[in-house]
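File shown here: input.txt, holding compact mmCIF, C-alpha atoms.
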```
# COMPACT_ATOMS: atom_id res chain seq x y z
CA MET L 1 129.80 102.28 89.45
CA LYS L 2 127.75 102.94 86.34
CA LEU L 3 123.98 102.33 86.47
CA GLU L 4 121.09 102.71 84.07
CA LEU L 5 118.08 104.19 85.82
CA ARG L 6 114.47 103.81 84.68
CA PHE L 7 111.37 105.54 86.03
CA PHE L 8 107.74 104.69 85.34
CA ALA L 9 104.20 105.99 85.72
CA SER L 10 103.65 108.73 88.34
CA LEU L 11 107.38 108.78 89.22
CA ARG L 12 108.37 109.31 85.59
CA GLU L 13 105.90 112.18 85.31
CA ALA L 14 106.87 113.85 88.57
CA LEU L 15 110.60 113.61 87.81
CA GLY L 16 110.18 114.54 84.16
CA ILE L 17 112.58 111.77 83.11
CA SER L 18 112.14 108.17 82.00
CA GLN L 19 115.75 106.99 81.94
CA GLU L 20 119.31 108.11 82.51
CA VAL L 21 122.79 106.65 82.91
CA ILE L 22 124.62 107.72 86.06
CA GLU L 23 127.91 107.10 87.79
CA VAL L 24 127.46 106.64 91.54
CA PRO L 25 130.09 106.98 94.29
CA GLU L 26 131.56 103.84 95.86
CA ALA L 27 129.52 104.30 99.03
CA VAL L 28 126.33 103.58 97.09
CA LYS L 29 126.05 99.80 97.38
CA THR L 30 122.35 98.96 97.70
CA ILE L 31 119.02 100.06 96.27
CA SER L 32 118.28 102.07 99.41
CA ASP L 33 121.72 103.76 99.20
CA LEU L 34 120.86 104.73 95.63
CA ARG L 35 117.49 106.10 96.71
CA LEU L 36 119.20 108.29 99.31
CA HIS L 37 121.78 109.38 96.77
CA LEU L 38 119.02 110.49 94.38
CA ILE L 39 117.10 112.24 97.18
CA GLY L 40 120.29 114.26 97.64
CA ARG L 41 119.59 115.93 94.29
CA GLY L 42 116.82 117.86 96.06
CA ASN L 43 113.68 119.39 94.53
CA SER L 44 111.35 116.87 92.92
CA TRP L 45 113.81 114.04 93.60
CA ALA L 46 113.67 114.62 97.34
CA GLU L 47 109.89 114.81 97.18
CA VAL L 48 109.16 111.84 94.91
CA LEU L 49 111.64 109.43 96.52
CA ALA L 50 111.09 110.59 100.13
CA ASP L 51 111.21 107.94 102.83
CA GLY L 52 107.45 107.83 103.40
CA LYS L 53 106.60 107.25 99.73
CA VAL L 54 105.62 103.69 98.91
CA LEU L 55 107.51 102.61 95.85
CA ARG L 56 108.85 99.49 94.23
CA CYS L 57 112.27 98.80 92.76
CA ALA L 58 113.53 96.43 90.13
CA LEU L 59 117.16 95.38 89.60
CA ASN L 60 117.85 94.06 86.11
CA GLN L 61 114.10 93.78 85.56
CA ARG L 62 113.32 91.76 88.69
CA MET L 63 111.46 93.16 91.67
CA VAL L 64 113.87 93.41 94.65
CA ASP L 65 113.83 94.71 98.21
CA PRO L 66 115.77 97.82 99.30
CA ASN L 67 118.72 95.77 100.59
CA ALA L 68 119.52 94.33 97.17
CA LEU L 69 123.13 94.88 96.13
CA LEU L 70 123.81 96.94 93.03
CA LYS L 71 126.12 95.67 90.32
CA GLU L 72 128.20 97.45 87.69
CA GLY L 73 126.09 98.21 84.63
CA ALA L 74 122.83 97.21 86.30
CA GLU L 75 119.44 98.48 85.17
CA VAL L 76 117.62 99.90 88.19
CA ALA L 77 113.97 100.92 87.98
CA PHE L 78 111.82 102.86 90.46
CA PHE L 79 108.02 102.85 90.18
CA PRO L 80 104.81 103.00 92.20
CA PRO L 81 103.00 99.79 93.25
CA VAL L 82 101.62 98.17 90.11
CA THR L 83 97.98 98.50 89.03
CA GLY L 84 97.53 96.24 86.01
CA GLY L 85 94.92 93.58 85.33
CA MET O 86 112.05 84.98 71.07
CA PRO O 87 108.41 86.07 71.13
CA ASN O 88 106.29 83.85 73.34
CA ALA O 89 102.84 83.01 71.99
CA TYR O 90 101.58 82.52 75.54
CA ILE O 91 102.54 85.95 76.88
CA ARG O 92 101.40 88.86 74.78
CA ILE O 93 101.48 92.57 75.55
CA GLN O 94 99.63 94.43 72.83
CA GLU O 95 97.69 97.59 72.01
CA GLY O 96 95.15 95.79 69.88
CA ASP O 97 92.08 93.89 70.99
CA PHE O 98 91.79 90.09 71.08
CA ASP O 99 89.03 87.57 70.46
CA LEU O 100 88.23 85.35 73.42
CA SER O 101 86.94 82.32 71.52
CA THR O 102 89.81 82.37 69.03
CA GLU O 103 92.33 82.46 71.88
CA LEU O 104 90.68 79.67 73.87
CA ALA O 105 90.31 77.49 70.77
CA ALA O 106 94.02 77.94 69.97
CA LEU O 107 95.05 77.19 73.55
CA ARG O 108 93.39 73.75 73.65
CA LYS O 109 93.88 72.88 69.98
CA SER O 110 95.14 69.34 69.27
CA ASP O 111 95.41 68.50 72.96
CA PRO O 112 92.90 65.72 73.75
CA ARG O 113 94.17 65.55 77.36
CA VAL O 114 92.30 68.80 78.07
CA GLY O 115 89.05 68.44 80.00
CA ALA O 116 88.86 71.95 81.44
CA VAL O 117 89.55 75.45 80.16
CA VAL O 118 89.24 78.28 82.68
CA SER O 119 89.62 81.90 81.63
CA PHE O 120 89.43 85.29 83.30
CA LEU O 121 88.59 88.36 81.26
CA GLY O 122 89.23 91.80 82.77
CA THR O 123 87.38 94.79 81.29
CA VAL O 124 87.35 98.58 81.78
CA ARG O 125 84.67 99.85 84.21
CA ASP O 126 83.16 103.31 83.82
CA MET O 127 83.44 104.00 87.59
CA ASN O 128 86.37 103.76 90.00
CA ASP O 129 86.75 105.13 93.53
CA GLY O 130 83.62 107.20 93.15
CA SER O 131 84.62 108.89 89.90
CA GLN O 132 83.38 108.45 86.39
CA VAL O 133 86.05 106.98 84.14
CA LYS O 134 86.00 108.14 80.52
CA GLY O 135 89.00 106.08 79.50
CA MET O 136 92.42 105.01 80.67
CA THR O 137 96.00 104.69 79.52
CA LEU O 138 98.03 101.64 80.46
CA GLU O 139 101.80 101.88 80.74
CA HIS O 140 104.19 98.98 81.30
CA TYR O 141 107.88 98.17 81.63
CA PRO O 142 108.85 96.41 78.38
CA GLY O 143 111.20 93.53 79.08
CA MET O 144 110.41 93.22 82.77
CA THR O 145 106.70 92.70 82.10
CA GLU O 146 107.35 89.58 80.03
CA LYS O 147 109.86 88.23 82.57
CA ALA O 148 107.52 88.81 85.51
CA LEU O 149 104.61 87.12 83.72
CA GLN O 150 106.78 84.16 82.69
CA GLU O 151 107.81 83.68 86.30
CA ILE O 152 104.15 83.70 87.41
CA LEU O 153 103.19 81.14 84.75
CA ASP O 154 106.16 78.93 85.69
CA GLN O 155 105.11 79.03 89.34
CA ALA O 156 101.55 78.08 88.45
CA LYS O 157 102.83 75.11 86.43
CA THR O 158 104.92 73.97 89.39
CA ARG O 159 101.99 74.20 91.82
CA TRP O 160 99.22 72.63 89.74
CA ASP O 161 98.89 69.87 87.21
CA ILE O 162 97.99 72.08 84.25
CA PHE O 163 98.83 71.96 80.54
CA GLN O 164 98.82 75.40 78.92
CA THR O 165 98.66 78.95 80.22
CA LEU O 166 98.00 82.19 78.38
CA VAL O 167 98.20 85.86 79.36
CA ILE O 168 97.24 88.68 77.02
CA HIS O 169 97.44 92.19 78.49
CA ARG O 170 96.59 95.31 76.55
CA VAL O 171 98.47 98.62 76.89
CA GLY O 172 97.86 102.10 75.51
CA HIS O 173 94.52 103.90 75.51
CA LEU O 174 91.35 101.99 76.43
CA LEU O 175 87.68 102.91 76.85
CA PRO O 176 84.96 101.66 79.22
CA GLU O 177 83.78 98.15 78.26
CA ASP O 178 87.08 97.42 76.45
CA GLN O 179 88.84 94.15 77.22
CA ILE O 180 92.08 94.68 79.19
CA VAL O 181 93.41 91.29 80.20
CA LEU O 182 92.88 87.62 79.47
CA VAL O 183 94.28 84.78 81.58
CA ALA O 184 93.49 81.23 80.50
CA VAL O 185 94.54 77.79 81.73
CA THR O 186 93.93 74.28 80.42
CA SER O 187 94.03 71.10 82.49
CA ALA O 188 92.44 67.66 82.71
CA HIS O 189 90.05 68.67 85.51
CA ARG O 190 88.43 71.95 86.50
CA GLY O 191 89.80 72.25 90.06
CA GLU O 192 93.41 72.72 88.96
CA ALA O 193 92.47 75.13 86.17
CA PHE O 194 90.26 77.31 88.42
CA ALA O 195 92.94 77.57 91.10
CA ALA O 196 95.80 78.23 88.69
CA CYS O 197 93.83 80.91 86.81
CA GLU O 198 93.01 82.78 90.02
CA PHE O 199 96.61 82.46 91.26
CA ILE O 200 97.99 83.89 88.00
CA MET O 201 95.56 86.82 88.12
CA ASP O 202 96.31 87.57 91.79
CA TYR O 203 100.05 87.60 91.14
CA LEU O 204 99.69 89.64 87.97
CA LYS O 205 97.88 92.31 90.00
CA THR O 206 100.82 92.81 92.35
CA ALA O 207 103.95 91.62 90.52
CA ALA O 208 103.59 92.54 86.84
CA PRO O 209 104.73 96.10 86.05
CA PHE O 210 101.60 97.72 84.60
CA TRP O 211 100.16 101.08 85.64
CA LYS O 212 96.77 102.61 84.88
CA LYS O 213 96.06 106.28 84.44
CA GLU O 214 92.37 107.15 84.32
CA ASP O 215 90.67 110.03 82.55
CA THR O 216 88.00 111.42 84.89
CA PRO O 217 85.84 114.56 84.71
CA ASP O 218 88.37 116.16 87.15
CA GLY O 219 91.34 115.31 84.95
CA ALA O 220 93.75 112.40 84.62
CA ARG O 221 94.87 110.48 87.72
CA TRP O 222 97.13 107.50 88.37
CA VAL O 223 95.26 104.60 89.93
CA ASP O 224 96.41 103.69 93.46
CA ALA O 225 97.28 100.09 94.24
CA ARG O 226 94.69 98.33 96.38
CA VAL O 227 95.54 96.74 99.71
CA THR O 228 93.06 93.96 98.85
CA ASP O 229 95.28 93.01 95.89
CA GLU O 230 98.27 92.47 98.20
CA ALA O 231 96.08 90.37 100.49
CA ALA O 232 94.81 88.31 97.55
CA MET O 233 98.37 87.46 96.59
CA ALA O 234 99.53 86.82 100.16
CA ARG O 235 96.96 84.09 100.80
CA TRP O 236 98.66 81.87 98.20
CA GLU O 237 101.91 82.01 100.16
CA ASN O 238 100.53 79.93 103.02
CA THR O 239 98.76 77.26 101.03
```
For the file at hand, write its structure as structure tokens.
Amino acid sequence: MKLELRFFASLREALGISQEVIEVPEAVKTISDLRLHLIGRGNSWAEVLADGKVLRCALNQRMVDPNALLKEGAEVAFFPPVTGG
Amino acid sequence: MPNAYIRIQEGDFDLSTELAALRKSDPRVGAVVSFLGTVRDMNDGSQVKGMTLEHYPGMTEKALQEILDQAKTRWDIFQTLVIHRVGHLLPEDQIVLVAVTSAHRGEAFAACEFIMDYLKTAAPFWKKEDTPDGARWVDARVTDEAAMARWENT
């Protein structure tokens, strides 16, 4: 499955990347599967996305919980809790 | 299509111009409530020299639209407006304006506070402050989550 990833704020800075297109294996079905898959890259990925880190995810530009199912071609964003206003 | 009632912009805005436009030609309006957020020069014990606001173009507008739609479902209100600035801002600068019109003040006060509380936790904006010790990302406040949660049981 092909996904477009987006990263914002402190995550973007720590990972040194704001977006990328990736192909994930069939076993990656949910947001939390994807998080684990990215942690598997090691280094800053393992650190920034580690289990204890509080972060938020959006699927096709809507905030979702970690159980949300991924879809072919989806835009998936990871970011820290928001601090606007 | 650009929405006149949701604006994300680098530039400043004029409060009275915006409020006048929001209630223009609508004689049903008897109440206009607005919230104006500005940049403080102190946060979490540090001096703040300025800040940079980042957002998620596309999602920001969708998230704000959803918040405004919810407010219109919950209260009998006429118009809603959100202007949020992004980019580099200095202490005393205006950051955000939320405004609501209605026939009576009660609905407008409640809806304005609701919109602001949801914006704080659901709209994808992030602040990075310049302090004497360097730049730092602002941490989300637990009190903001609590402010939003109280609307869920009312």
What are the closest atom pairs, with distances in Å to one decimal, for all residues of stretch 100-175 of chain O lying within 12 Å of stretch 225-235 of chain O? Consider only C-alpha atoms, order rows by chain and residue number, and present the result as a tab-separated table.
```
residue	atom	partner	partner_atom	distance
O:Asn128	CA	O:Arg226	CA	11.8
O:Asp129	CA	O:Arg226	CA	10.8
O:Ile152	CA	O:Met233	CA	11.5
```
Quiz item: Can you tell me, as a PyMOL selection string, which residues sit within 9 Å of (113.6, 113.0, 91.6) in the file's frame, using only C-alpha atoms?
Solution: chain L and resi 11-12+14-17+38-39+41-49
Exercise. Output the contact residues of chain L with respect to chain O at a cut-off of 9 Å, based on only C-alpha atoms, as a PyMOL selection string.
Key: chain L and resi 8-10+58+60-63+79-85
C-alpha atoms of the current selection, written as a CSV table (one decimal), in the frame of the given file:
```csv
chain,number,residue,atom,x,y,z
L,8,PHE,CA,107.7,104.7,85.3
L,9,ALA,CA,104.2,106.0,85.7
L,10,SER,CA,103.6,108.7,88.3
L,58,ALA,CA,113.5,96.4,90.1
L,60,ASN,CA,117.8,94.1,86.1
L,61,GLN,CA,114.1,93.8,85.6
L,62,ARG,CA,113.3,91.8,88.7
L,63,MET,CA,111.5,93.2,91.7
L,79,PHE,CA,108.0,102.8,90.2
L,80,PRO,CA,104.8,103.0,92.2
L,81,PRO,CA,103.0,99.8,93.2
L,82,VAL,CA,101.6,98.2,90.1
L,83,THR,CA,98.0,98.5,89.0
L,84,GLY,CA,97.5,96.2,86.0
L,85,GLY,CA,94.9,93.6,85.3
```
Quiz item: Hey, can you check how far atom CA of O:Thr186 sits from atom CA of O:Asp111?
Solution: 9.6 Å
Quiz item: For O:Glu95, which residue among O:Leu153, O:Ala116, O:Val167, O:Leu174 is the nearest when counting all atoms listed in the file?
Solution: O:Leu174
What's around O:Ala89 at 12 Å? Count all atoms listed in the file, leave out sequence neighbours fewer than 3 positions away in its own chain, and write the answer as a compact mmCIF listing (two decimals) with C-alpha atoms, in the coordinates of the input.
```txt
# COMPACT_ATOMS: atom_id res chain seq x y z
CA MET O 86 112.05 84.98 71.07
CA ARG O 92 101.40 88.86 74.78
CA ILE O 93 101.48 92.57 75.55
CA GLN O 94 99.63 94.43 72.83
CA GLU O 103 92.33 82.46 71.88
CA ALA O 106 94.02 77.94 69.97
CA LEU O 107 95.05 77.19 73.55
CA GLU O 146 107.35 89.58 80.03
CA GLN O 150 106.78 84.16 82.69
CA GLN O 164 98.82 75.40 78.92
CA THR O 165 98.66 78.95 80.22
CA LEU O 166 98.00 82.19 78.38
CA VAL O 167 98.20 85.86 79.36
CA ILE O 168 97.24 88.68 77.02
```
Self-check item: Distance in Å - atom CA of L:Val21 versus atom CA of O:Glu151
Solution: 27.6 Å
Quiz item: At what distance in Å, to one decimal, does atom CA of O:Phe163 lie from atom CA of O:Ala195?
Solution: 13.3 Å
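Nearest residue to O:Glu177 among O:Glu198, O:Glu237, O:Asp126, O:Asp97 is O:Asp126, counting all atoms listed in the file.
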Quiz item: How would you write as a list of chain:residue names the residues that get within 6 Å of (91.7, 79.0, 80.6) in the file's frame, counting only C-alpha atoms?
Solution: O:Val117, O:Val118, O:Ser119, O:Ala184, O:Val185, O:Thr186
Quiz item: For O:Ile91, which residue out of O:Leu175, O:Phe199, O:Ala188, O:Leu149 is the nearest one, using all atoms listed in the file?
Solution: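 Smallest distance to O:Ile91 is found for O:Leu149.
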Quiz item: Hey, which of O:Gly191, O:Gly135, O:Gly172, O:Pro112 ends up closest to O:Ala220? Count all atoms listed in the file.
Solution: O:Gly135
Quiz prompt | Distance query L:His37 at most 12 Å, only C-alpha atoms, self and fewer than 5 positions along chain excluded, as an NGL selection string | solution = :L and (22-32 or 42 or 45-46 or 49-50)
